[in-house]
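Coordinates as given in structure_27.tsv (TSV, C-alpha atoms):
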```
chain	number	residue	atom	x	y	z
A	1294	MET	CA	57.58	90.30	137.26
A	1295	PRO	CA	58.91	87.05	135.69
A	1296	MET	CA	61.17	87.07	132.67
A	1297	TRP	CA	58.45	86.07	130.23
A	1298	THR	CA	56.47	89.13	131.35
A	1299	GLU	CA	59.48	91.37	130.65
A	1300	TRP	CA	59.66	89.84	127.20
A	1301	THR	CA	55.92	90.43	126.70
A	1302	ILE	CA	56.19	94.06	127.78
A	1303	ALA	CA	59.19	94.63	125.51
A	1304	THR	CA	57.35	93.22	122.46
A	1305	LYS	CA	54.23	95.21	123.39
A	1306	PHE	CA	56.23	98.45	123.42
A	1307	LEU	CA	57.66	97.54	120.03
A	1308	ARG	CA	54.22	96.87	118.55
A	1309	GLU	CA	52.85	100.14	119.86
A	1310	GLY	CA	55.72	102.04	118.25
A	1311	LYS	CA	55.31	100.12	115.00
A	1312	ALA	CA	56.36	102.93	112.65
A	1313	GLN	CA	59.52	103.73	114.59
A	1314	SER	CA	60.35	100.05	115.03
A	1315	THR	CA	59.95	99.38	111.31
A	1316	LEU	CA	62.24	102.25	110.37
A	1317	ILE	CA	64.99	101.22	112.76
A	1318	LEU	CA	64.70	97.57	111.67
A	1319	VAL	CA	65.10	98.64	108.04
A	1320	GLY	CA	68.10	100.77	109.06
A	1321	ILE	CA	69.73	97.88	110.92
A	1322	ALA	CA	69.03	95.49	108.04
A	1323	ILE	CA	70.65	97.86	105.55
A	1324	GLY	CA	73.66	98.32	107.82
A	1325	VAL	CA	74.16	94.58	108.32
A	1326	ALA	CA	73.62	93.92	104.60
A	1327	VAL	CA	76.33	96.47	103.79
A	1328	ILE	CA	78.72	94.84	106.25
A	1329	VAL	CA	78.04	91.31	104.95
A	1330	PHE	CA	78.21	92.23	101.27
A	1331	LEU	CA	81.23	94.52	101.58
A	1332	THR	CA	83.19	92.05	103.72
A	1333	ALA	CA	82.39	89.18	101.35
A	1334	LEU	CA	83.25	91.35	98.32
A	1335	ILE	CA	86.64	92.46	99.69
A	1336	THR	CA	87.45	88.94	100.89
A	1337	GLY	CA	86.58	87.51	97.47
A	1338	LEU	CA	88.63	90.20	95.73
A	1339	GLN	CA	91.63	89.54	97.95
A	1340	SER	CA	91.37	85.79	97.43
A	1341	ASN	CA	91.20	86.31	93.68
A	1342	ILE	CA	94.23	88.62	93.68
A	1343	ILE	CA	96.25	86.23	95.83
A	1344	GLN	CA	95.22	83.24	93.73
A	1345	ARG	CA	96.23	85.00	90.51
A	1346	THR	CA	99.52	86.17	92.02
A	1347	LEU	CA	100.50	82.93	93.75
A	1348	GLY	CA	99.10	80.72	91.01
A	1349	THR	CA	102.36	81.19	89.14
A	1350	GLN	CA	104.86	81.21	92.00
A	1351	ALA	CA	105.75	79.37	95.17
A	1352	HIS	CA	105.00	80.69	98.66
A	1353	ILE	CA	108.67	80.41	99.65
A	1354	LYS	CA	111.88	80.26	97.59
A	1355	VAL	CA	115.08	78.76	98.98
A	1356	GLN	CA	118.33	79.75	97.20
A	1357	GLN	CA	122.06	79.66	97.71
A	1358	THR	CA	123.42	82.60	99.69
A	1359	GLU	CA	124.95	85.48	97.74
A	1360	GLU	CA	128.67	85.60	97.09
A	1361	LEU	CA	130.47	88.34	98.99
A	1362	ASN	CA	133.84	90.02	98.55
A	1363	ARG	CA	136.49	88.97	101.02
A	1364	ILE	CA	138.60	91.95	102.01
A	1365	VAL	CA	141.94	91.36	103.70
A	1366	ALA	CA	142.06	93.04	107.10
A	1367	PRO	CA	144.62	95.89	107.36
A	1368	ASP	CA	147.67	95.78	109.60
A	1369	PRO	CA	147.02	96.98	113.16
A	1370	ASP	CA	149.12	100.12	112.68
A	1371	SER	CA	147.71	101.12	109.29
A	1372	VAL	CA	144.58	102.70	107.90
A	1373	GLN	CA	142.84	101.11	104.91
A	1374	LEU	CA	140.54	102.99	102.56
A	1375	THR	CA	138.37	100.61	100.54
A	1376	ILE	CA	136.13	101.18	97.55
A	1377	GLU	CA	134.07	98.06	97.12
A	1378	SER	CA	131.80	97.07	94.23
A	1379	LYS	CA	129.22	94.40	94.90
A	1380	ARG	CA	130.29	91.07	93.51
A	1381	ALA	CA	128.50	89.81	90.42
A	1382	GLN	CA	126.37	86.75	91.21
A	1383	ARG	CA	126.95	83.68	89.08
A	1384	LEU	CA	124.53	80.82	88.65
A	1385	ARG	CA	125.24	78.34	91.44
A	1386	SER	CA	123.72	75.20	92.84
A	1387	ILE	CA	122.41	74.87	96.38
A	1388	ASN	CA	124.92	72.88	98.39
A	1389	ASN	CA	123.56	69.43	99.30
A	1390	TRP	CA	120.16	70.37	97.88
A	1391	GLN	CA	118.90	66.78	98.14
A	1392	GLN	CA	119.38	66.85	101.93
A	1393	VAL	CA	117.77	70.30	102.13
A	1394	ARG	CA	114.79	69.01	100.12
A	1395	ASP	CA	114.38	66.00	102.42
A	1396	VAL	CA	114.54	68.21	105.53
A	1397	LEU	CA	111.90	70.58	104.13
A	1398	ASP	CA	109.65	67.62	103.37
A	1399	THR	CA	109.51	66.81	107.09
A	1400	LEU	CA	108.68	70.34	108.32
A	1401	PRO	CA	105.18	70.93	109.71
A	1402	ARG	CA	102.91	73.26	107.70
A	1403	VAL	CA	104.94	72.63	104.52
A	1404	THR	CA	102.66	71.11	101.87
A	1405	ALA	CA	104.95	70.78	98.83
A	1406	VAL	CA	108.67	70.99	98.04
A	1407	SER	CA	110.11	71.14	94.54
A	1408	PRO	CA	113.78	71.49	93.49
A	1409	ILE	CA	114.35	73.54	90.31
A	1410	ILE	CA	117.30	74.45	88.15
A	1411	SER	CA	116.66	77.73	86.41
A	1412	GLY	CA	118.84	79.93	84.25
A	1413	PRO	CA	118.98	82.09	81.11
A	1414	ALA	CA	119.28	80.85	77.55
A	1415	PHE	CA	118.31	81.72	73.97
A	1416	ALA	CA	115.58	80.09	71.95
A	1417	ARG	CA	116.15	80.00	68.19
A	1418	ARG	CA	113.94	79.15	65.26
A	1419	GLY	CA	115.22	80.15	61.88
A	1420	GLU	CA	116.17	83.82	62.04
A	1421	SER	CA	114.13	84.42	65.22
A	1422	LEU	CA	115.95	84.70	68.54
A	1423	GLN	CA	114.33	85.10	71.96
A	1424	SER	CA	115.77	85.32	75.47
A	1425	VAL	CA	114.16	82.67	77.66
A	1426	ALA	CA	114.35	81.25	81.17
A	1427	LEU	CA	115.02	77.53	81.32
A	1428	VAL	CA	113.10	75.87	84.13
A	1429	GLY	CA	114.28	72.34	84.83
A	1430	ILE	CA	111.82	70.59	87.12
A	1431	ASP	CA	110.95	67.35	88.86
A	1432	ALA	CA	107.48	67.23	87.28
A	1433	PRO	CA	105.51	65.33	89.99
A	1434	ARG	CA	106.80	67.67	92.69
A	1435	TYR	CA	106.52	70.88	90.65
A	1436	LEU	CA	102.92	70.26	89.59
A	1437	ARG	CA	101.91	70.20	93.26
A	1438	ILE	CA	103.05	73.83	93.48
A	1439	ILE	CA	102.12	75.23	90.07
A	1440	PRO	CA	99.58	73.04	88.21
A	1441	VAL	CA	100.81	73.84	84.71
A	1442	LYS	CA	98.80	70.89	83.37
A	1443	ASP	CA	95.61	72.88	84.05
A	1444	ASP	CA	96.92	75.76	81.91
A	1445	MET	CA	97.74	73.79	78.77
A	1446	ILE	CA	96.09	75.23	75.65
A	1447	ALA	CA	97.70	72.91	73.09
A	1448	GLY	CA	99.40	69.53	73.20
A	1449	VAL	CA	100.22	67.83	76.49
A	1450	PHE	CA	102.48	68.55	79.44
A	1451	ARG	CA	105.38	66.23	78.68
A	1452	ILE	CA	109.04	66.90	79.43
A	1453	GLY	CA	112.15	64.78	79.21
A	1454	ALA	CA	113.34	62.47	76.40
A	1455	GLY	CA	113.79	65.43	74.07
A	1456	ASP	CA	110.43	67.08	74.84
A	1457	THR	CA	109.73	70.56	76.19
A	1458	VAL	CA	106.75	72.77	77.00
A	1459	ILE	CA	106.71	76.51	76.21
A	1460	GLY	CA	104.49	79.52	76.87
A	1461	LYS	CA	101.86	80.86	74.48
A	1462	GLN	CA	103.58	84.20	73.94
A	1463	LEU	CA	106.92	82.56	73.20
A	1464	ALA	CA	105.23	80.24	70.72
A	1465	THR	CA	103.64	83.27	69.04
A	1466	ASP	CA	106.93	85.18	68.93
A	1467	LEU	CA	108.74	82.23	67.34
A	1468	GLY	CA	105.82	81.15	65.16
A	1469	MET	CA	105.75	77.68	66.69
A	1470	ARG	CA	103.12	74.98	67.10
A	1471	VAL	CA	103.01	71.66	68.89
A	1472	GLY	CA	105.39	69.24	67.21
A	1473	ASP	CA	107.84	71.89	65.98
A	1474	LYS	CA	111.54	71.76	66.83
A	1475	LEU	CA	113.01	74.36	69.19
A	1476	ARG	CA	116.75	75.06	69.39
A	1477	LEU	CA	117.96	76.11	72.84
A	1478	ASP	CA	121.35	77.76	73.29
A	1479	GLY	CA	122.80	77.81	76.80
A	1480	GLY	CA	125.99	79.62	75.72
A	1481	GLN	CA	129.58	78.44	75.18
A	1482	GLY	CA	128.51	75.91	72.57
A	1483	ARG	CA	125.91	74.15	74.72
A	1484	GLU	CA	122.91	73.61	72.44
A	1485	SER	CA	119.99	71.26	72.30
A	1486	ILE	CA	117.14	70.71	69.83
A	1487	LEU	CA	113.88	69.75	71.52
A	1488	ASN	CA	110.39	68.83	70.40
A	1489	VAL	CA	107.57	71.18	71.53
A	1490	ALA	CA	105.15	68.77	73.22
A	1491	GLY	CA	102.77	71.41	74.56
A	1492	ILE	CA	101.97	75.10	74.92
A	1493	PHE	CA	100.70	76.64	78.17
A	1494	GLU	CA	99.17	79.98	79.16
A	1495	LEU	CA	99.72	80.99	82.79
A	1496	GLY	CA	98.03	84.36	82.26
A	1497	VAL	CA	101.17	86.38	83.02
A	1498	ARG	CA	102.66	87.77	79.80
A	1499	GLU	CA	106.24	87.82	81.08
A	1500	LEU	CA	106.08	84.14	82.08
A	1501	ASP	CA	104.27	83.07	78.91
A	1502	ALA	CA	106.98	84.79	76.86
A	1503	ARG	CA	110.01	83.38	78.74
A	1504	TYR	CA	109.34	80.10	80.53
A	1505	VAL	CA	110.60	76.91	78.88
A	1506	TYR	CA	109.95	73.80	80.96
A	1507	LEU	CA	112.50	70.99	80.73
A	1508	ASP	CA	113.47	67.90	82.63
A	1509	MET	CA	116.08	68.69	85.30
A	1510	LYS	CA	118.79	66.70	83.52
A	1511	GLN	CA	118.22	68.56	80.25
A	1512	ALA	CA	118.42	71.94	82.01
A	1513	GLN	CA	121.52	70.90	83.98
A	1514	SER	CA	123.27	69.99	80.73
A	1515	LEU	CA	122.36	73.26	78.98
A	1516	LEU	CA	123.39	75.37	81.99
A	1517	ASP	CA	126.56	73.36	82.62
A	1518	LEU	CA	125.53	72.55	86.18
A	1519	PRO	CA	125.42	68.73	86.36
A	1520	GLY	CA	123.41	67.41	89.29
A	1521	ALA	CA	122.49	70.93	90.40
A	1522	ALA	CA	119.39	72.69	91.73
A	1523	THR	CA	119.46	76.48	91.92
A	1524	VAL	CA	116.11	77.00	93.71
A	1525	ILE	CA	113.85	74.98	95.97
A	1526	ASP	CA	110.20	76.06	95.82
A	1527	VAL	CA	108.02	75.53	98.89
A	1528	THR	CA	104.30	75.93	99.55
A	1529	VAL	CA	102.68	76.10	102.99
A	1530	ASP	CA	99.20	75.46	104.35
A	1531	ASP	CA	98.60	79.11	105.35
A	1532	ILE	CA	99.95	81.69	102.93
A	1533	PHE	CA	99.86	84.46	105.55
A	1534	GLU	CA	102.23	82.43	107.74
A	1535	ALA	CA	104.75	82.13	104.91
A	1536	GLN	CA	107.08	84.79	106.32
A	1537	LYS	CA	107.37	83.10	109.72
A	1538	ILE	CA	107.98	79.71	108.11
A	1539	ALA	CA	110.56	81.27	105.75
A	1540	GLU	CA	112.45	82.70	108.72
A	1541	ARG	CA	112.46	79.28	110.36
A	1542	VAL	CA	113.75	77.63	107.16
A	1543	ALA	CA	116.50	80.26	106.91
A	1544	ARG	CA	117.63	79.55	110.48
A	1545	LEU	CA	117.50	75.81	109.85
A	1546	THR	CA	119.37	75.71	106.54
A	1547	GLY	CA	121.52	78.85	106.57
A	1548	LEU	CA	120.39	79.58	102.99
A	1549	LYS	CA	118.77	82.64	101.41
A	1550	VAL	CA	115.01	82.28	101.91
A	1551	GLU	CA	112.33	84.66	100.61
A	1552	SER	CA	108.57	84.47	101.11
A	1553	TRP	CA	105.98	85.77	98.67
A	1554	MET	CA	105.31	88.61	101.12
A	1555	GLU	CA	108.85	89.93	100.62
A	1556	THR	CA	108.73	89.67	96.83
A	1557	ASN	CA	105.22	91.19	96.61
A	1558	THR	CA	105.48	94.09	99.07
A	1559	GLN	CA	103.13	96.35	97.12
A	1560	LEU	CA	100.50	93.62	96.99
A	1561	MET	CA	100.70	93.14	100.75
A	1562	ASN	CA	100.29	96.89	101.31
A	1563	ALA	CA	97.24	96.89	99.04
A	1564	LEU	CA	95.69	93.94	100.89
A	1565	ARG	CA	96.27	95.60	104.26
A	1566	SER	CA	94.72	98.85	102.99
A	1567	GLN	CA	91.66	96.98	101.73
A	1568	SER	CA	91.21	95.17	105.04
A	1569	LEU	CA	91.62	98.40	107.01
A	1570	SER	CA	89.08	100.25	104.86
A	1571	THR	CA	86.59	97.39	105.28
A	1572	GLN	CA	87.02	97.43	109.05
A	1573	MET	CA	86.56	101.20	109.20
A	1574	ILE	CA	83.38	101.06	107.13
A	1575	SER	CA	82.02	98.26	109.34
A	1576	VAL	CA	82.78	100.27	112.50
A	1577	PHE	CA	81.02	103.38	111.21
A	1578	VAL	CA	78.00	101.37	110.02
A	1579	ALA	CA	77.78	99.64	113.41
A	1580	LEU	CA	78.04	103.04	115.14
A	1581	SER	CA	75.19	104.46	113.05
A	1582	VAL	CA	73.08	101.39	113.85
A	1583	ALA	CA	73.80	101.81	117.57
A	1584	LEU	CA	72.84	105.50	117.49
A	1585	GLY	CA	69.62	104.64	115.66
A	1586	ILE	CA	68.62	102.03	118.24
A	1587	ALA	CA	69.53	104.34	121.12
A	1588	SER	CA	67.49	107.23	119.67
A	1589	VAL	CA	64.40	105.06	119.10
A	1590	LEU	CA	64.54	103.61	122.62
A	1591	THR	CA	65.10	107.06	124.13
A	1592	VAL	CA	61.94	108.30	122.43
A	1593	SER	CA	60.16	105.15	123.59
A	1594	VAL	CA	61.13	105.87	127.21
A	1595	VAL	CA	59.74	109.42	126.94
A	1596	GLN	CA	56.51	108.28	125.30
A	1597	ARG	CA	55.89	105.52	127.82
A	1598	THR	CA	56.83	107.33	130.98
A	1599	ARG	CA	53.37	106.87	132.50
A	1600	GLU	CA	53.28	103.15	131.63
A	1601	ILE	CA	56.71	102.74	133.22
A	1602	GLY	CA	55.50	104.57	136.34
A	1603	ILE	CA	52.45	102.30	136.58
A	1604	LEU	CA	54.60	99.18	136.22
A	1605	ARG	CA	56.94	100.46	138.92
A	1606	ALA	CA	53.97	101.20	141.20
A	1607	MET	CA	52.73	97.65	140.64
A	1608	GLY	CA	55.96	96.27	142.06
A	1609	SER	CA	58.37	96.09	139.14
A	1610	THR	CA	61.95	96.65	140.24
A	1611	ARG	CA	64.48	98.88	138.53
A	1612	GLN	CA	66.41	95.82	137.36
A	1613	GLN	CA	63.28	94.45	135.71
A	1614	MET	CA	62.61	97.71	133.88
A	1615	LEU	CA	66.24	97.79	132.84
A	1616	ARG	CA	65.87	94.33	131.35
A	1617	VAL	CA	62.71	95.32	129.45
A	1618	PHE	CA	64.56	97.90	127.38
A	1619	LEU	CA	67.66	95.74	127.03
A	1620	VAL	CA	65.42	93.04	125.59
A	1621	GLN	CA	64.05	95.61	123.15
A	1622	GLY	CA	67.57	96.51	122.05
A	1623	ALA	CA	68.45	92.84	121.60
A	1624	LEU	CA	65.27	92.27	119.56
A	1625	PHE	CA	66.08	95.23	117.34
A	1626	GLY	CA	69.62	94.00	116.73
A	1627	LEU	CA	68.70	90.34	116.25
A	1628	SER	CA	65.71	90.89	113.96
A	1629	GLY	CA	67.44	93.55	111.89
A	1630	SER	CA	70.59	91.46	111.54
A	1631	ILE	CA	68.69	88.37	110.35
A	1632	LEU	CA	66.93	90.47	107.72
A	1633	GLY	CA	70.23	92.16	106.81
A	1634	VAL	CA	72.05	88.83	106.41
A	1635	ALA	CA	69.32	87.67	104.03
A	1636	VAL	CA	69.64	90.88	102.00
A	1637	GLY	CA	73.45	90.54	102.04
A	1638	TYR	CA	73.19	86.97	100.72
A	1639	ALA	CA	70.84	88.20	97.99
A	1640	LEU	CA	73.32	90.92	96.96
A	1641	VAL	CA	76.18	88.42	96.82
A	1642	GLY	CA	74.05	86.04	94.77
A	1643	ALA	CA	73.08	88.85	92.40
A	1644	PHE	CA	76.76	89.84	92.00
A	1645	ASN	CA	77.83	86.27	91.27
A	1646	THR	CA	74.95	85.73	88.82
A	1647	PHE	CA	74.54	89.07	87.06
A	1648	GLY	CA	77.82	90.85	87.87
A	1649	PRO	CA	80.84	91.32	85.60
A	1650	LYS	CA	82.06	87.81	86.54
A	1651	LEU	CA	85.61	89.05	87.06
A	1652	PHE	CA	85.77	86.90	90.18
A	1653	TYR	CA	83.48	84.81	92.39
A	1654	ILE	CA	82.45	85.96	95.86
A	1655	PRO	CA	82.46	83.11	98.39
A	1656	ILE	CA	80.78	83.57	101.77
A	1657	ASP	CA	82.47	82.36	104.91
A	1658	ALA	CA	79.99	80.30	106.93
A	1659	TRP	CA	80.93	82.29	110.04
A	1660	LEU	CA	80.35	85.71	108.45
A	1661	PRO	CA	76.53	85.73	108.85
A	1662	VAL	CA	76.88	84.35	112.39
A	1663	ALA	CA	79.43	87.03	113.30
A	1664	ALA	CA	77.32	89.81	111.74
A	1665	THR	CA	74.22	88.66	113.63
A	1666	ALA	CA	76.10	88.40	116.94
A	1667	ILE	CA	77.68	91.85	116.50
A	1668	ALA	CA	74.32	93.44	115.65
A	1669	ALA	CA	72.62	91.82	118.66
A	1670	VAL	CA	75.40	92.92	121.03
A	1671	THR	CA	75.32	96.41	119.51
A	1672	GLY	CA	71.58	96.54	120.11
A	1673	ILE	CA	72.01	95.62	123.77
A	1674	PHE	CA	74.78	98.13	124.38
A	1675	SER	CA	72.96	100.93	122.55
A	1676	ALA	CA	69.89	100.25	124.72
A	1677	THR	CA	71.88	100.64	127.92
A	1678	ILE	CA	71.47	104.42	128.34
A	1679	PRO	CA	67.70	104.54	127.61
A	1680	ALA	CA	67.21	101.45	129.80
A	1681	ARG	CA	69.05	103.06	132.73
A	1682	ARG	CA	66.95	106.19	132.29
A	1683	ALA	CA	63.73	104.16	132.36
A	1684	ALA	CA	64.87	102.22	135.42
A	1685	ALA	CA	65.77	105.46	137.24
A	1686	LEU	CA	62.30	107.04	136.82
A	1687	ASP	CA	60.43	107.78	140.04
A	1688	PRO	CA	57.05	105.96	139.95
A	1689	VAL	CA	55.01	108.92	141.31
A	1690	GLU	CA	56.54	111.48	138.96
A	1691	ALA	CA	56.26	109.07	136.04
A	1692	ILE	CA	52.53	108.53	136.62
A	1693	ARG	CA	51.94	112.30	136.72
A	1694	HIS	CA	53.83	112.72	133.42
A	1695	VAL	CA	51.65	114.15	130.64
```
Can you turn what I pasted into structure tokens?
Amino acid sequence: MPMWTEWTIATKFLREGKAQSTLILVGIAIGVAVIVFLTALITGLQSNIIQRTLGTQAHIKVQQTEELNRIVAPDPDSVQLTIESKRAQRLRSINNWQQVRDVLDTLPRVTAVSPIISGPAFARRGESLQSVALVGIDAPRYLRIIPVKDDMIAGVFRIGAGDTVIGKQLATDLGMRVGDKLRLDGGQGRESILNVAGIFELGVRELDARYVYLDMKQAQSLLDLPGAATVIDVTVDDIFEAQKIAERVARLTGLKVESWMETNTQLMNALRSQSLSTQMISVFVALSVALGIASVLTVSVVQRTREIGILRAMGSTRQQMLRVFLVQGALFGLSGSILGVAVGYALVGAFNTFGPKLFYIPIDAWLPVAATAIAAVTGIFSATIPARRAAALDPVEAIRHV
């Protein structure tokens, strides 16, 4: 019996059991649609969360190492009892930060490097006083990491030459508009009066209430750290490789290096929990699909015992009968998955069009392909037991089956 005949017999069996075949195809389609939609939904949600979180921070931060207490070692013949309090950390510049910046620029997988000088200060306007964080930046480099220009809601992003840019909440707290004068007090008599050239809204209240963007030289003067950089921000091409790259940077520079995964531990735990729950749901859906295919093909073997016996008596081998039912399983999985992918696409489109529009669900081009391949393989494996049973039937006993 040639292969095309096995295919013909498999499709004939499916047509004869039309009601059962339709039900299992609908079941497979629903299962695949759930997998496609749920996976795309969780992936879109995770991307949105990461984008919102990392849209206002670098993937990796490089800082000067912490200052430690130096305790004099005791004499060999004495015992020393020590009560140590952790040393207070003062604002310090990264040693040779220009060289560190140039080295980071050459590292593979690093996409942007930006030196920053950041420190506390007070913003005054009349009787109003607010604690702020001065952020002195090299604008062309910094905008490659955090595109503040895209978040401007008033004025323009212009720093240097007596200009500054502040957050929306800070502007509200101080009652300021574009063009107003802002007095910054860095302590110990270091003050500067700057023109508010623009107002931004990053979408994080704490940042919008505290960030004041300056030119690096202006910030260095207010913080009394001439020529300094306190932080070097780094972005990488794969955010989930940030920890490994941070460890490499730490070994290379000997500085304190933190990735976004370390500073957002709770977020990482939430993302892992979401991924795990999605995988578990997909496994259980695939298992239910496999059981459905196996049950339908088992019933098909029982119902067509006589036909199988006749085919065996006509010269069909056990391997050929095995392939007939494996082909049926593959057809179930393939047809149902194609229909399910279409339904999944429709659900995603409906969500993006008519949903709450909290975020957009993108679809990975490989997701439908993977779902179809998994469903087809599941169909073949679930058909294995019924196929082996059909192949093991004795022709004479099968023909006598009523």
For region 1470-1481 of chain A: contacts at 12 Å, all atoms listed in the file, fewer than 5 positions along chain excluded, given as JSON, numbers by chain: {"A": [1411, 1412, 1413, 1414, 1415, 1416, 1417, 1418, 1419, 1420, 1421, 1422, 1423, 1424, 1425, 1426, 1427, 1445, 1446, 1447, 1448, 1449, 1450, 1451, 1455, 1456, 1457, 1458, 1459, 1460, 1461, 1462, 1463, 1464, 1465, 1486, 1487, 1488, 1489, 1490, 1491, 1492, 1493, 1505, 1506, 1507, 1511, 1512, 1513, 1514, 1515, 1516, 1517, 1518]}
Counting only C-alpha atoms, which residues have an atom no more than 10 Å from (99.5, 90.1, 102.8) in the file's coordinates? Please list them as a ChimeraX atom specification. /A:1339,1343,1532-1536,1553-1555,1557-1566,1568
Counting all atoms listed in the file, which residues come within 12 Å of (89.7, 98.8, 106.1), with the point read in the file's coordinates, and could you list them as a PDB file with C-alpha atoms, keeping the file's coordinate frame?
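In the end it all went to result_3.pdb:
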```pdb
ATOM      1  CA  ILE A1328      78.720  94.840 106.250  1.00  0.00           C
ATOM      2  CA  LEU A1331      81.230  94.520 101.580  1.00  0.00           C
ATOM      3  CA  THR A1332      83.190  92.050 103.720  1.00  0.00           C
ATOM      4  CA  ILE A1335      86.640  92.460  99.690  1.00  0.00           C
ATOM      5  CA  THR A1336      87.450  88.940 100.890  1.00  0.00           C
ATOM      6  CA  ASN A1562     100.290  96.890 101.310  1.00  0.00           C
ATOM      7  CA  ALA A1563      97.240  96.890  99.040  1.00  0.00           C
ATOM      8  CA  LEU A1564      95.690  93.940 100.890  1.00  0.00           C
ATOM      9  CA  ARG A1565      96.270  95.600 104.260  1.00  0.00           C
ATOM     10  CA  SER A1566      94.720  98.850 102.990  1.00  0.00           C
ATOM     11  CA  GLN A1567      91.660  96.980 101.730  1.00  0.00           C
ATOM     12  CA  SER A1568      91.210  95.170 105.040  1.00  0.00           C
ATOM     13  CA  LEU A1569      91.620  98.400 107.010  1.00  0.00           C
ATOM     14  CA  SER A1570      89.080 100.250 104.860  1.00  0.00           C
ATOM     15  CA  THR A1571      86.590  97.390 105.280  1.00  0.00           C
ATOM     16  CA  GLN A1572      87.020  97.430 109.050  1.00  0.00           C
ATOM     17  CA  MET A1573      86.560 101.200 109.200  1.00  0.00           C
ATOM     18  CA  ILE A1574      83.380 101.060 107.130  1.00  0.00           C
ATOM     19  CA  SER A1575      82.020  98.260 109.340  1.00  0.00           C
ATOM     20  CA  VAL A1576      82.780 100.270 112.500  1.00  0.00           C
ATOM     21  CA  PHE A1577      81.020 103.380 111.210  1.00  0.00           C
TER      22      PHE A1577
END
```
Near region 1642-1651 of chain A, counting only C-alpha atoms, which residues have an atom at most 12 Å away, once you skip same-chain residues fewer than 5 positions from it, shown as a PyMOL selection string? chain A and resi 1330-1331+1333-1334+1337-1338+1341-1342+1345+1635-1637+1656
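Going from CA of Leu1316 (chain A) over to CA of Val1662 (chain A), you cover 23.2 Å.
In this structure, CA of Thr1528 (chain A) sits 23.5 Å away from CA of Lys1510 (chain A).
Distances from A:Val1641, A:Val1428, A:Ala1663, A:Val1365 to Leu1500 (chain A) were compared using all atoms listed in the file, and the smallest one belongs to A:Val1428.
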Find the residue from A:Leu1467, A:Leu1632, A:Ile1364, A:Ala1521 that sits nearest to Met1509 (chain A); use all atoms listed in the file when measuring. A:Ala1521
